Amino acid sequence: ANRGEIAEGYLAERKATGRTVKDFAHEMVKVHQELLNQSTSFREKNNVALDTTHEEVSERIEESHKDLTELNDKKPGKDWDREFLDNQVNDHEEMLEQLQKAEQATTDPSLKEFIAKQSAGVQKLLTRAKDLKDKKAESD
């Protein structure tokens, strides 16, 4: 998920037309890169392998590729910015829901702590994306 969000963020830094959307995209890349680094460190420290065959994981990867392709093919403009923000709200809501399920499913304290940190970063971006989406809707 982090890799997909980083790719979408880089695309938005290039294609978004609104300054606030570009700024959000930059913030999104930064936060997701930090989350990815934390994830990599946790996996290495705890000898955890990624299971990309798990249904939820493979669906998330497929959805991320689809979103990236659609955004890449779409002409820049207000509609592009709006679609990007819509995607970010949806993506971060789904990601947060999956993290919360994972946190509830584990009894391992270090894993719970790791998931809580990931959730905090995702929540921060979700709140910002919703705020920008609402402001864009008001100004349109």
# chains A, B, ... in the order shown; residues from 1 in each chain; ligands from 1
>>> residues_around(residues="Val57 (chain A)", least_positions_apart="5", cutoff="12 Å", atoms="only C-alpha atoms", output="PyMOL selection string")
chain A and resi 1-2+4+50-52+62-64+94-95+98-99
>>> write_last_selection(atoms="all heavy atoms", output="tab-separated table (two decimals), in the first residue's frame")
chain	number	residue	atom	x	y	z
A	1	ALA	N	0.83	-1.20	0.00
A	1	ALA	CA	0.00	0.00	0.00
A	1	ALA	C	0.87	1.25	0.00
A	1	ALA	O	0.59	2.20	-0.73
A	1	ALA	CB	-0.94	-0.01	1.20
A	2	ASN	N	1.92	1.24	0.82
A	2	ASN	CA	2.80	2.40	0.88
A	2	ASN	C	3.44	2.68	-0.48
A	2	ASN	O	3.49	3.84	-0.91
A	2	ASN	CB	3.87	2.22	1.95
A	2	ASN	CG	3.33	2.35	3.35
A	2	ASN	OD1	2.57	3.27	3.64
A	2	ASN	ND2	3.69	1.43	4.22
A	4	GLY	N	2.33	1.97	-3.45
A	4	GLY	CA	1.32	2.50	-4.36
A	4	GLY	C	0.99	3.95	-4.07
A	4	GLY	O	0.85	4.77	-4.99
A	50	LEU	N	6.64	-10.78	3.46
A	50	LEU	CA	5.38	-10.29	2.90
A	50	LEU	C	4.67	-11.43	2.19
A	50	LEU	O	5.29	-12.22	1.49
A	50	LEU	CB	5.64	-9.18	1.89
A	50	LEU	CG	6.07	-7.84	2.44
A	50	LEU	CD1	6.34	-6.88	1.28
A	50	LEU	CD2	5.00	-7.26	3.34
A	51	ASP	N	3.36	-11.49	2.36
A	51	ASP	CA	2.56	-12.49	1.66
A	51	ASP	C	1.69	-11.77	0.64
A	51	ASP	O	0.56	-11.37	0.92
A	51	ASP	CB	1.69	-13.27	2.66
A	51	ASP	CG	0.85	-14.34	1.98
A	51	ASP	OD1	1.01	-14.54	0.76
A	51	ASP	OD2	0.03	-14.95	2.69
A	52	THR	N	2.23	-11.59	-0.56
A	52	THR	CA	1.48	-10.88	-1.60
A	52	THR	C	0.42	-11.75	-2.25
A	52	THR	O	-0.34	-11.27	-3.08
A	52	THR	CB	2.43	-10.33	-2.68
A	52	THR	OG1	3.17	-11.43	-3.23
A	52	THR	CG2	3.37	-9.29	-2.12
A	62	GLU	N	-3.61	-4.59	-6.84
A	62	GLU	CA	-4.33	-4.45	-8.12
A	62	GLU	C	-5.07	-3.12	-8.18
A	62	GLU	O	-5.04	-2.41	-9.18
A	62	GLU	CB	-5.31	-5.61	-8.28
A	62	GLU	CG	-6.00	-5.64	-9.62
A	62	GLU	CD	-6.92	-6.86	-9.76
A	62	GLU	OE1	-6.45	-7.97	-9.45
A	62	GLU	OE2	-8.07	-6.66	-10.16
A	63	GLU	N	-5.74	-2.75	-7.10
A	63	GLU	CA	-6.48	-1.49	-7.04
A	63	GLU	C	-5.53	-0.30	-7.18
A	63	GLU	O	-5.83	0.68	-7.87
A	63	GLU	CB	-7.25	-1.39	-5.73
A	63	GLU	CG	-8.14	-0.17	-5.64
A	63	GLU	CD	-8.94	-0.14	-4.35
A	63	GLU	OE1	-9.48	-1.18	-3.95
A	63	GLU	OE2	-9.02	0.94	-3.75
A	64	SER	N	-4.38	-0.39	-6.54
A	64	SER	CA	-3.39	0.68	-6.61
A	64	SER	C	-2.90	0.87	-8.04
A	64	SER	O	-2.79	2.01	-8.53
A	64	SER	CB	-2.22	0.36	-5.68
A	64	SER	OG	-1.26	1.37	-5.76
A	94	GLU	N	-9.76	2.68	3.53
A	94	GLU	CA	-9.59	1.22	3.43
A	94	GLU	C	-8.35	0.76	4.17
A	94	GLU	O	-8.37	-0.26	4.88
A	94	GLU	CB	-9.50	0.80	1.95
A	94	GLU	CG	-10.81	0.89	1.21
A	94	GLU	CD	-10.66	0.58	-0.28
A	94	GLU	OE1	-9.63	-0.01	-0.68
A	94	GLU	OE2	-11.57	0.94	-1.03
A	95	MET	N	-7.26	1.49	4.00
A	95	MET	CA	-6.01	1.13	4.65
A	95	MET	C	-6.16	1.17	6.16
A	95	MET	O	-5.69	0.27	6.87
A	95	MET	CB	-4.92	2.10	4.19
A	95	MET	CG	-3.52	1.54	4.23
A	95	MET	SD	-2.28	2.73	3.67
A	95	MET	CE	-2.99	3.40	2.17
A	98	GLN	N	-8.14	-1.81	7.41
A	98	GLN	CA	-7.34	-3.04	7.42
A	98	GLN	C	-6.33	-3.04	8.57
A	98	GLN	O	-6.11	-4.07	9.21
A	98	GLN	CB	-6.62	-3.22	6.08
A	98	GLN	CG	-7.57	-3.59	4.97
A	98	GLN	CD	-6.89	-3.68	3.61
A	98	GLN	OE1	-5.76	-3.28	3.42
A	98	GLN	NE2	-7.63	-4.23	2.65
A	99	LEU	N	-5.74	-1.90	8.84
A	99	LEU	CA	-4.79	-1.81	9.96
A	99	LEU	C	-5.50	-2.04	11.29
A	99	LEU	O	-4.98	-2.73	12.17
A	99	LEU	CB	-4.09	-0.45	9.96
A	99	LEU	CG	-3.01	-0.26	8.90
A	99	LEU	CD1	-2.64	1.22	8.76
A	99	LEU	CD2	-1.78	-1.10	9.22
>>> residues_around(residues="Phe42 (chain A)", least_positions_apart="5", cutoff="12 Å", atoms="only C-alpha atoms", output="NGL selection string")
:A and (35-37 or 47-50 or 110-115 or 117-118)
>>> residues_around(residues="Arg128 (chain A)", least_positions_apart="3", cutoff="12 Å", atoms="only C-alpha atoms", output="list in words")
Thr20, Val21, Asp23, Phe24, Ala25, Glu27, Met28, Leu85, Asp86, Gln88, Val89, His92, Gly121, Val122, Gln123, Lys124, Leu125, Asp131, Leu132, Lys133, Asp134 and Lys135 of chain A
>>> closest_residue(among="A:Leu11, A:Lys22, A:Arg82, A:His32", to="Ala120 (chain A)", atoms="only C-alpha atoms")
A:His32
>>> closest_residue(among="A:Lys30, A:Glu8, A:Leu96, A:Asp91", to="Thr69 (chain A)", atoms="only C-alpha atoms")
A:Glu8
>>> atom_distance(atom1="CA of Thr107 (chain A)", atom2="CA of Asn46 (chain A)")
15.1 Å
